[in-house]
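Participant: Shown below is the structure under consideration.
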Amino acid sequence: MSAVADLYAAYSTLVLFAGVAALLALSIYVTLMAGQLSLGNAALATIGGYTAAILTKTYHAALWPALLAGALLATVVAALIGIPCLRLRGIYLAIATLAFGEVVRVAALNMTITGGALGLVGIAPLVSFPHVYGALAAAAFFFYRLERSRTGRAFAAIREDEAAAQAMGIRITAYKVLAFSIAGFIAGLAGGLAVHFTYLINPTQASFGEAVTILTYAVFGGTGTFAGPILGGMALTVLPEALRFLKEYRLLLDGAILVLVTTYLPNGVLDPLLRWRRRA
Amino acid sequence: MAVFLQQLVNGISLGSVYALFALGFTLVFGVLEIINLAHPAVLAVGALLAYTLLVDAKVGLTLAAAGACAGAGLLGVLLDAVAFRPLRLRGASRLASLITSIGIALILVNLAQIVWGTEPLSYPPGTVPLRFFTAGPVTVSLLQCLVLATVVALTIGLRLLLVRTRLGLAIRAVAENPQTASLLGMPFDRVVAFTFFLSSALGGIAGVLVGMLFQGSVSPFMGNTYGLKGLAAIILGGMGDITGAVLGGLAMGIGEVLIVQYLNSSYRDAVAFGLLFLVLVLRPTGLLGQQRGREA
Amino acid sequence: MKRFWLLALLLPLAVSAAWAAPARPVKVGLAVGLTGAIATYGDPIRNGFQLAFKQINALGQVRIDPILEDTGDARDGAINVFQKLIQRDQVAAILGPVLSAQAFAADPLAVQAGVPVVGVSNTAKGIPQIGATVFRVSAPEAVQIPKSVAVAKKVLNLSKVVVLYDNADDFTISGYRTFVEELQKNGVAIADTITFSRGDSDFSAQLTKAKASNPQAIVVSALAREGTLLLIQARNLGITVPFIGGNGFNDTNIITRAGPAAEGLIVGTAWVPSAPSAVNLKFYGAYRDEYKREPNQFAAQAYTGAQVVAEAIRRAGLTGAEPVRTQRSKIEQALYTIKNIETPLGRISIAADRDVIQPRTYVAVVRGGRFVELDVK
């Protein structure tokens with residue numbers, strides 16, 4: 001048992017980062033389920049993170065209420081951003097949500113309550129394995145049910161053909177806003193969890209690079225079912241750490257693996273398994 | 001008024017840099033609907049190639065720029081062969097292409113870091129023409145004029161190429177409908193490879209001009225700032241439209257400069273992207289774009 | 001037979017090494033950002049560390065095994081590296097990380113594990129207060145700026161300036177705040193305050209705006225890359241007033257790149273390349289030989305940090321055979337005893353609050369393509 005404990009001590013934060021990445025990947029997956037390419041998740045996670053951090057640090061709130069408040073604020077903001085974006089499709093939606101991310105980043109950079117460029121520091125380390133993986137398990141269960149529900153089928157119909165879905169009487173607007181809101185909640189929760197084991201949150205968490213990284217998680221893992229994004233988020237978080245023995249060639253191979261795997265498994269690393277199961 | 005005029009000049013200059021980046025970026029999107037996030041890295045490699053040619057091979061500026069342009073173009077062909085063509089053959093989604101382009105960017109930047117180091121470089125003194133024209137209170141440099149002239153010339157050249165030549169016809173046919181183009185006997189993969197050559201060569205030129213304009217900025221990371229802003233520029237102008245991309249770039253540049261002068265420099269990017277958000281919400285396909293119902 | 005001769009040859013070597021130096025080297029982790037844009041600052045820091053440890057190991061008083069890991073420029077990377085160094089490599093001390101934000105995120109892990117950390121480039125307020133094992137040799141800008149503002153005011157007879165600063169970086173922001181305080185104390189009016197962001201290349205908008213206020217000087221808090229671009233572009237726009245810069249400008253490469261545009265630049269600094277001390281000459285010459293380029297302040301601070309850690313290891317009398325816990329606590333205790341040691345930054349001490357005490361700071365001006373000390377008696 002102590003060997004396991006030692007092993008966990010050596011990799012504990014990496015395990016936590018992997019769990020948070022999986023949650024972030026799920027948050028982008030829910031909008032992809034409904035055919036919406038929204039790249040505002042990094043900013044939503046940042047909103048959740050700052051909110052939760054301010055609540056526990058300044059107002060000494062308990063962890064779960066603070067996390068919930070952060071997630072709820074991110075949900076509201078996601079819905080508010082989602083409504084004007086309803087007319088936008090494909091790449092235009094992606095850019096509009098990226099623009100929203102920049103606004104969040106620059107706002108965090110300039111506000112006093114967010115601590116400017118340095119961000120908020122000295123946040124208590126209240127989060128450990130059970131929090132992150134409890135949240136991830138709950139999210140996974142939620143998605144397991146969602147995919148098999150009326151809502152899940154409505155999302156799929158919108159993704160496949162919006163006009164046809166509308167013709168079938170699916171309330172497109174409501175379902176899209178719902179997808180945005182769920183994304184906001186999960187991203188906000190993930191952001192809140194992360195700041196409570198990283199001691200710090202700063203505006204770079206909302207940057208363009210972070211937004212694109214989250215998309216990478218989901219696509220790398222595969223967007224066929226919720227297990228794909230979870231796997232993708234975890235794999236891509238662990239990969240650069242596993243490649244440390246390569247020293248300065250580490251990120252070269254990281255990039256090469258991203259290219260090769262995506263080329264041979266363009267529907268995600270989970271795809272062969274899914275196909276095999278379908279056949280069986 | 002004097003300040004306003006100077007800022008207008010500054011804005012046009014900054015905007016022409018964005019436009020230069022956006023030209024190559026939008027070409028690939030227009031034809032393949034792929035967002036090539038390796039384009040910023042190609043820009044950096046172009047600028048660094050020119051540096052090596054100027055410093056180590058001691059060639060003149062024109063030759064260095066031509067070399068950088070050709071090198072970046074060939075890199076583009078390679079990029080297509082490695083990262084995009086295999087995905088096309090498998091009929092993969094365009095999101096997969098976005099991911100491979102990120103992987104390529106990671107590889108290119110890290111390779112460039114190993115080859116050229118991380119210190120920002122300058123082109124050797126004397127290789128870059130430094131001349132300034134003063135008209136009343138306004139100062140314009142020869143380089144700024146050169147960049148703007150290049151943007152205008154490239155825009156016209158590209159339009160002519162696309163409209164007047166057989167190759168251009170093939171590119172447009174492929175852009176319109178890949179299947180039909182193939183059925184009509186268009187050499188699809190060669191047309192795409194050429195598109196990548198052209199796009200990356202434009203990226204290479206952009207890199208050299210940015211390196212000349214901003215001495216002390218040549219590094220593997222110099223393209224980073226242009227990724228998001230270039231994307232914004234081509235969206236603002238209407239995706240895939242060459243003139244639109246240039247106008248979008250100019251609008252971004254002038255907008256940013258005016259925000260710094262008359263509003264608040266700290267909120268520059270927030271105001272710029274906030275406006276972009278509003279433009280998109282009001283005109284969902286950009287300022288010049290027609291409703292084409294494209295999906296990424 | 002061959003093997004016998006080889007052994008016979010190696011044996012005396014091994015014996016003498018064991019006699020001259022401790023049996024096992026002490027592991028020291030180096031957490032440096034080497035990928036991404038941060039590498040511009042991470043590279044000289046790594047060079048400074050490696051040069052110092054090479055020289056120190058050659059002296060033979062202590063044996064140190066430096067373990068270098070790349071943190072990238074993000075918060076998460078620094079945390080991962082700290083965990084690897086502390087838990088898997090079992091290092092006795094850590095040098096780094098590059099950014100103050102990374103220090104706030106990663107240093108708590110070291111504090112929990114009782115591992116001493118010495119920051120060499122973290123200048124934000126509150127770094128040593130992260131915890132009982134966090135030290136630094138990088139003086140906050142607050143130490144250098146007051147002197148440079150006072151000197152510049154005297155030399156240039158200042159009454160009105162414009163302040164430009166990078167508001168995306170905590171290092172430059174802390175510099176900016178100190179500049180404003182000092183300018184106010186000295187009765188210099190700030191006609192305008194304008195910001196830009198790390199990574200920008202075009203500063204003509206900010207400079208045109210600054211010029212419109214007709215300042216006597218432009219005060220800038222920027223990192224070296226942006227500083228260089230600012231100087232060149234200012235001269236191109238016909239701005240001739242002098243620039244007064246923070247620490248970020250203290251880089252000889254700025255002079256190389258900006259050329260004549262750097263003339264007249266005034267910098268308050270922890271280190272000048274021409275500082276005549278023996279240690280500085282040894283550092284400066286060896287750095288140029290090894291890396292074929294000029295060291296900058298980051299390299300000098302990294303070298304200093306490595307020196308401080310090595311000195312602590314020597315004073316702790318470690319043989320390398322003790323359990324790592326003992327090594328860690330002994331190094332921590334020894335760090336407090338570092339007083340008046342000769343470094344490229346001058347004679348420095350570690351105070352009881354684990355911050356650096358650096359009595360000698362300089363005000364330098366660029367004249368004839370070199371930094372020279374600007375002294376007003």
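Within each chain, counting starts at residue 1; across the structure tokens, chains are named A, B, ... in the order shown, with ligands numbered 1 upward in that order.
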Would you kindly report the residues of chain A within 9 Å of chain C, using only C-alpha atoms, as a PyMOL selection string?

Facilitator: chain A and resi 6+9-14+17+106+109-110+116-119+121-122+197-205+241+244+247-248+251

Participant: Can I get the residues of chain A within 7 Å of chain B, each with the closest pair of atoms and their distance in Å to one decimal, using only C-alpha atoms, sorted chain first then ascending number, as CSV?

Facilitator:
residue,atom,partner,partner_atom,distance
A:Pro84,CA,B:Val281,CA,6.2
A:Cys85,CA,B:Val281,CA,6.2
A:Arg87,CA,B:Pro284,CA,6.7
A:Leu88,CA,B:Pro284,CA,5.5
A:Arg89,CA,B:Glu295,CA,6.5
A:Gly90,CA,B:Glu295,CA,4.2
A:Ile91,CA,B:Ala296,CA,5.1
A:Tyr92,CA,B:Thr285,CA,6.8
A:Ile95,CA,B:Ala232,CA,7.0
A:Ala96,CA,B:Phe277,CA,5.1
A:Ala99,CA,B:Phe273,CA,4.9
A:Phe100,CA,B:Gly274,CA,6.9
A:Glu102,CA,B:Ala270,CA,6.0
A:Val103,CA,B:Ala270,CA,4.3
A:Val106,CA,B:Ala270,CA,5.6
A:Thr216,CA,B:Ile99,CA,6.0
A:Val219,CA,B:Ala96,CA,6.8
A:Leu251,CA,B:Leu106,CA,6.8
A:Leu252,CA,B:Ile107,CA,4.7
A:Gly255,CA,B:Gly103,CA,4.2
A:Ala256,CA,B:Gly103,CA,6.3
A:Leu258,CA,B:Gly103,CA,5.4
A:Val259,CA,B:Thr100,CA,4.6
A:Thr262,CA,B:Ala96,CA,6.4
A:Thr263,CA,B:Leu87,CA,5.8
A:Pro266,CA,B:Ala96,CA,5.7

Participant: Write out the residues from the selection above, keeping N, CA and C atoms, as a compact mmCIF listing (two decimals), in the first residue's frame.

Facilitator:
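Listed below is the output, out-v8.txt:
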# COMPACT_ATOMS: atom_id res chain seq x y z
N PRO A 84 -26.77 35.70 -28.13
CA PRO A 84 -26.50 36.47 -29.35
C PRO A 84 -25.75 35.64 -30.40
N CYS A 85 -25.10 34.57 -29.98
CA CYS A 85 -24.32 33.77 -30.93
C CYS A 85 -25.15 32.73 -31.66
N ARG A 87 -27.15 32.85 -34.04
CA ARG A 87 -27.19 32.95 -35.50
C ARG A 87 -25.87 32.53 -36.12
N LEU A 88 -24.83 32.45 -35.30
CA LEU A 88 -23.50 32.19 -35.85
C LEU A 88 -23.27 30.70 -36.02
N ARG A 89 -22.57 30.36 -37.09
CA ARG A 89 -22.34 28.95 -37.33
C ARG A 89 -20.87 28.70 -37.60
N GLY A 90 -20.47 27.47 -37.35
CA GLY A 90 -19.14 27.01 -37.71
C GLY A 90 -18.05 27.94 -37.21
N ILE A 91 -17.19 28.33 -38.13
CA ILE A 91 -16.01 29.10 -37.80
C ILE A 91 -16.37 30.47 -37.23
N TYR A 92 -17.50 31.02 -37.67
CA TYR A 92 -17.88 32.35 -37.17
C TYR A 92 -18.22 32.28 -35.68
N ILE A 95 -14.90 32.03 -33.78
CA ILE A 95 -14.21 33.31 -33.62
C ILE A 95 -14.92 34.21 -32.62
N ALA A 96 -16.25 34.21 -32.67
CA ALA A 96 -16.98 35.06 -31.73
C ALA A 96 -16.67 34.62 -30.29
N ALA A 99 -13.26 35.70 -29.37
CA ALA A 99 -13.27 37.13 -29.07
C ALA A 99 -13.75 37.36 -27.64
N PHE A 100 -14.79 36.62 -27.25
CA PHE A 100 -15.27 36.69 -25.86
C PHE A 100 -14.14 36.33 -24.90
N GLU A 102 -10.93 36.73 -25.32
CA GLU A 102 -9.98 37.84 -25.23
C GLU A 102 -10.51 38.93 -24.31
N VAL A 103 -11.81 39.20 -24.40
CA VAL A 103 -12.41 40.23 -23.54
C VAL A 103 -12.24 39.81 -22.07
N VAL A 106 -8.45 40.18 -21.05
CA VAL A 106 -8.00 41.55 -20.85
C VAL A 106 -8.69 42.17 -19.63
N THR A 216 -8.28 20.53 -28.67
CA THR A 216 -7.38 19.43 -29.02
C THR A 216 -7.70 18.18 -28.20
N VAL A 219 -10.92 16.51 -29.64
CA VAL A 219 -10.79 15.92 -30.98
C VAL A 219 -9.81 14.74 -30.95
N LEU A 251 9.00 18.47 -26.98
CA LEU A 251 7.81 18.99 -27.63
C LEU A 251 7.78 18.66 -29.12
N LEU A 252 8.95 18.37 -29.70
CA LEU A 252 8.97 17.92 -31.10
C LEU A 252 8.19 16.62 -31.22
N GLY A 255 4.45 17.06 -30.63
CA GLY A 255 3.78 17.52 -31.84
C GLY A 255 3.64 16.39 -32.85
N ALA A 256 4.71 15.60 -33.00
CA ALA A 256 4.69 14.52 -33.98
C ALA A 256 3.62 13.48 -33.62
N LEU A 258 0.90 14.07 -31.93
CA LEU A 258 -0.39 14.71 -32.21
C LEU A 258 -0.74 14.56 -33.70
N VAL A 259 0.25 14.82 -34.57
CA VAL A 259 0.01 14.74 -36.01
C VAL A 259 -0.26 13.30 -36.42
N THR A 262 -3.58 11.77 -34.97
CA THR A 262 -4.75 12.37 -35.59
C THR A 262 -4.87 11.93 -37.05
N THR A 263 -3.73 11.75 -37.71
CA THR A 263 -3.77 11.33 -39.11
C THR A 263 -4.33 9.91 -39.23
N PRO A 266 -8.35 9.83 -37.25
CA PRO A 266 -8.93 11.19 -37.29
C PRO A 266 -10.21 11.31 -36.48

Participant: Pull out every residue of chain C sitting within 10 Å of chain B, counting only C-alpha atoms, and send them as a PyMOL selection string.

Facilitator: chain C and resi 34-44+165-168+193-212+224-230+232-233+236-238+253-254+256-259

Participant: Calculated over only C-alpha atoms, which of the candidates B:Cys145, B:Ala22, B:Thr62, B:Gly136 has the smallest distance to Met1 in chain B?

Facilitator: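 That would be B:Gly136, the residue with the smallest distance to Met1 in chain B.
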
Participant: Looking only at helix (DSSP H, G or I) from DSSP on the backbone, list the matching residues of range 1-237 of chain B as a ChimeraX atom specification.

Facilitator: /B:2-32,39-55,61-89,94-116,142-164,166-176,178-183,188-213,224-237

Participant: Report as a list in words: the residues of range 57-257 of chain B with a DSSP assignment of strand (DSSP E), based on the backbone of this structure.

Facilitator: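 Result set for range 57-257 of chain B (strand (DSSP E)): Phe132, Phe133, Thr134, Ala135, Val138, Thr139, Val140 and Ser141 of chain B.
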
Participant: Write to file, as a JSON list (two decimals), in the first residue's frame, the residues of the selection just made, with C-alpha atoms.

Facilitator:
[["chain", "number", "residue", "atom", "x", "y", "z"],
["B", 132, "PHE", "CA", 11.97, 58.35, -43.65],
["B", 133, "PHE", "CA", 9.72, 60.86, -45.33],
["B", 134, "THR", "CA", 8.28, 63.72, -43.40],
["B", 135, "ALA", "CA", 5.22, 65.54, -44.61],
["B", 138, "VAL", "CA", 3.67, 63.06, -40.19],
["B", 139, "THR", "CA", 6.58, 60.64, -40.53],
["B", 140, "VAL", "CA", 6.39, 57.66, -42.85],
["B", 141, "SER", "CA", 9.20, 55.20, -43.42]]

Participant: To one decimal in Å, tell me the separation between CA of Ala181 in chain B and CA of Leu265 in chain A.

Facilitator: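 Those two atoms sit 27.1 Å apart.
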
Participant: Quick one: residues within 8 Å of range 275-287 of chain C, only C-alpha atoms, excluding same-chain residues fewer than 2 positions away - as a PDB file with C-alpha atoms, in the first residue's frame?

Facilitator:
ATOM      1  CA  ASN C  47      23.335  29.176 -19.107  1.00  0.00           C
ATOM      2  CA  GLY C  48      24.096  31.050 -15.899  1.00  0.00           C
ATOM      3  CA  LEU C  51      28.235  27.744 -16.117  1.00  0.00           C
ATOM      4  CA  TRP C 271      24.438  44.416 -12.380  1.00  0.00           C
ATOM      5  CA  VAL C 272      26.612  46.124 -14.966  1.00  0.00           C
ATOM      6  CA  PRO C 273      28.752  43.998 -17.287  1.00  0.00           C
ATOM      7  CA  ASP C 289      33.773  31.917 -24.070  1.00  0.00           C
ATOM      8  CA  GLU C 290      31.186  29.241 -23.393  1.00  0.00           C
ATOM      9  CA  TYR C 291      28.113  30.650 -25.115  1.00  0.00           C
ATOM     10  CA  LYS C 292      29.625  33.049 -27.669  1.00  0.00           C
ATOM     11  CA  ARG C 293      27.338  35.851 -26.571  1.00  0.00           C
ATOM     12  CA  GLU C 294      27.069  38.583 -23.989  1.00  0.00           C
ATOM     13  CA  PRO C 295      25.554  37.620 -20.644  1.00  0.00           C
ATOM     14  CA  ALA C 300      24.208  37.078 -13.851  1.00  0.00           C
ATOM     15  CA  TYR C 303      24.963  32.484 -11.753  1.00  0.00           C
ATOM     16  CA  GLU C 342      31.153  38.054  -3.562  1.00  0.00           C
ATOM     17  CA  THR C 343      28.981  37.540  -6.669  1.00  0.00           C
ATOM     18  CA  PRO C 344      28.671  39.157 -10.095  1.00  0.00           C
ATOM     19  CA  LEU C 345      25.916  41.262  -8.511  1.00  0.00           C
ATOM     20  CA  GLY C 346      28.353  42.546  -5.902  1.00  0.00           C
TER      21      GLY C 346
END

Participant: Give me, as a ChimeraX atom specification, all polymer residues having an atom no more than 12 Å from Leu236 in chain A, counting only C-alpha atoms and skipping those fewer than 5 positions away in the same chain.

Facilitator: /A:14,17-22,25,213-221,228-231,241-243,251,254-255,257-258,261,269 /B:103

Participant: Work out how far CA of Ala19 in chain B is from CA of Leu48 in chain B, in Å to one decimal.

Facilitator: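 So the two atoms, CA of Leu48 in chain B and CA of Ala19 in chain B, lie 20.2 Å apart.
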
Participant: When you look at Val162 in chain C with a cut-off of 6 Å (counting only C-alpha atoms), what residues show up, excluding the ones that are within fewer than 4 positions of it in the same chain? I need them as a count of residues only.

Facilitator: 5

Participant: CA of Ile67 in chain C to CA of Val137 in chain C: how many Å, to one decimal?

Facilitator: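 A separation of 19.9 Å between them.
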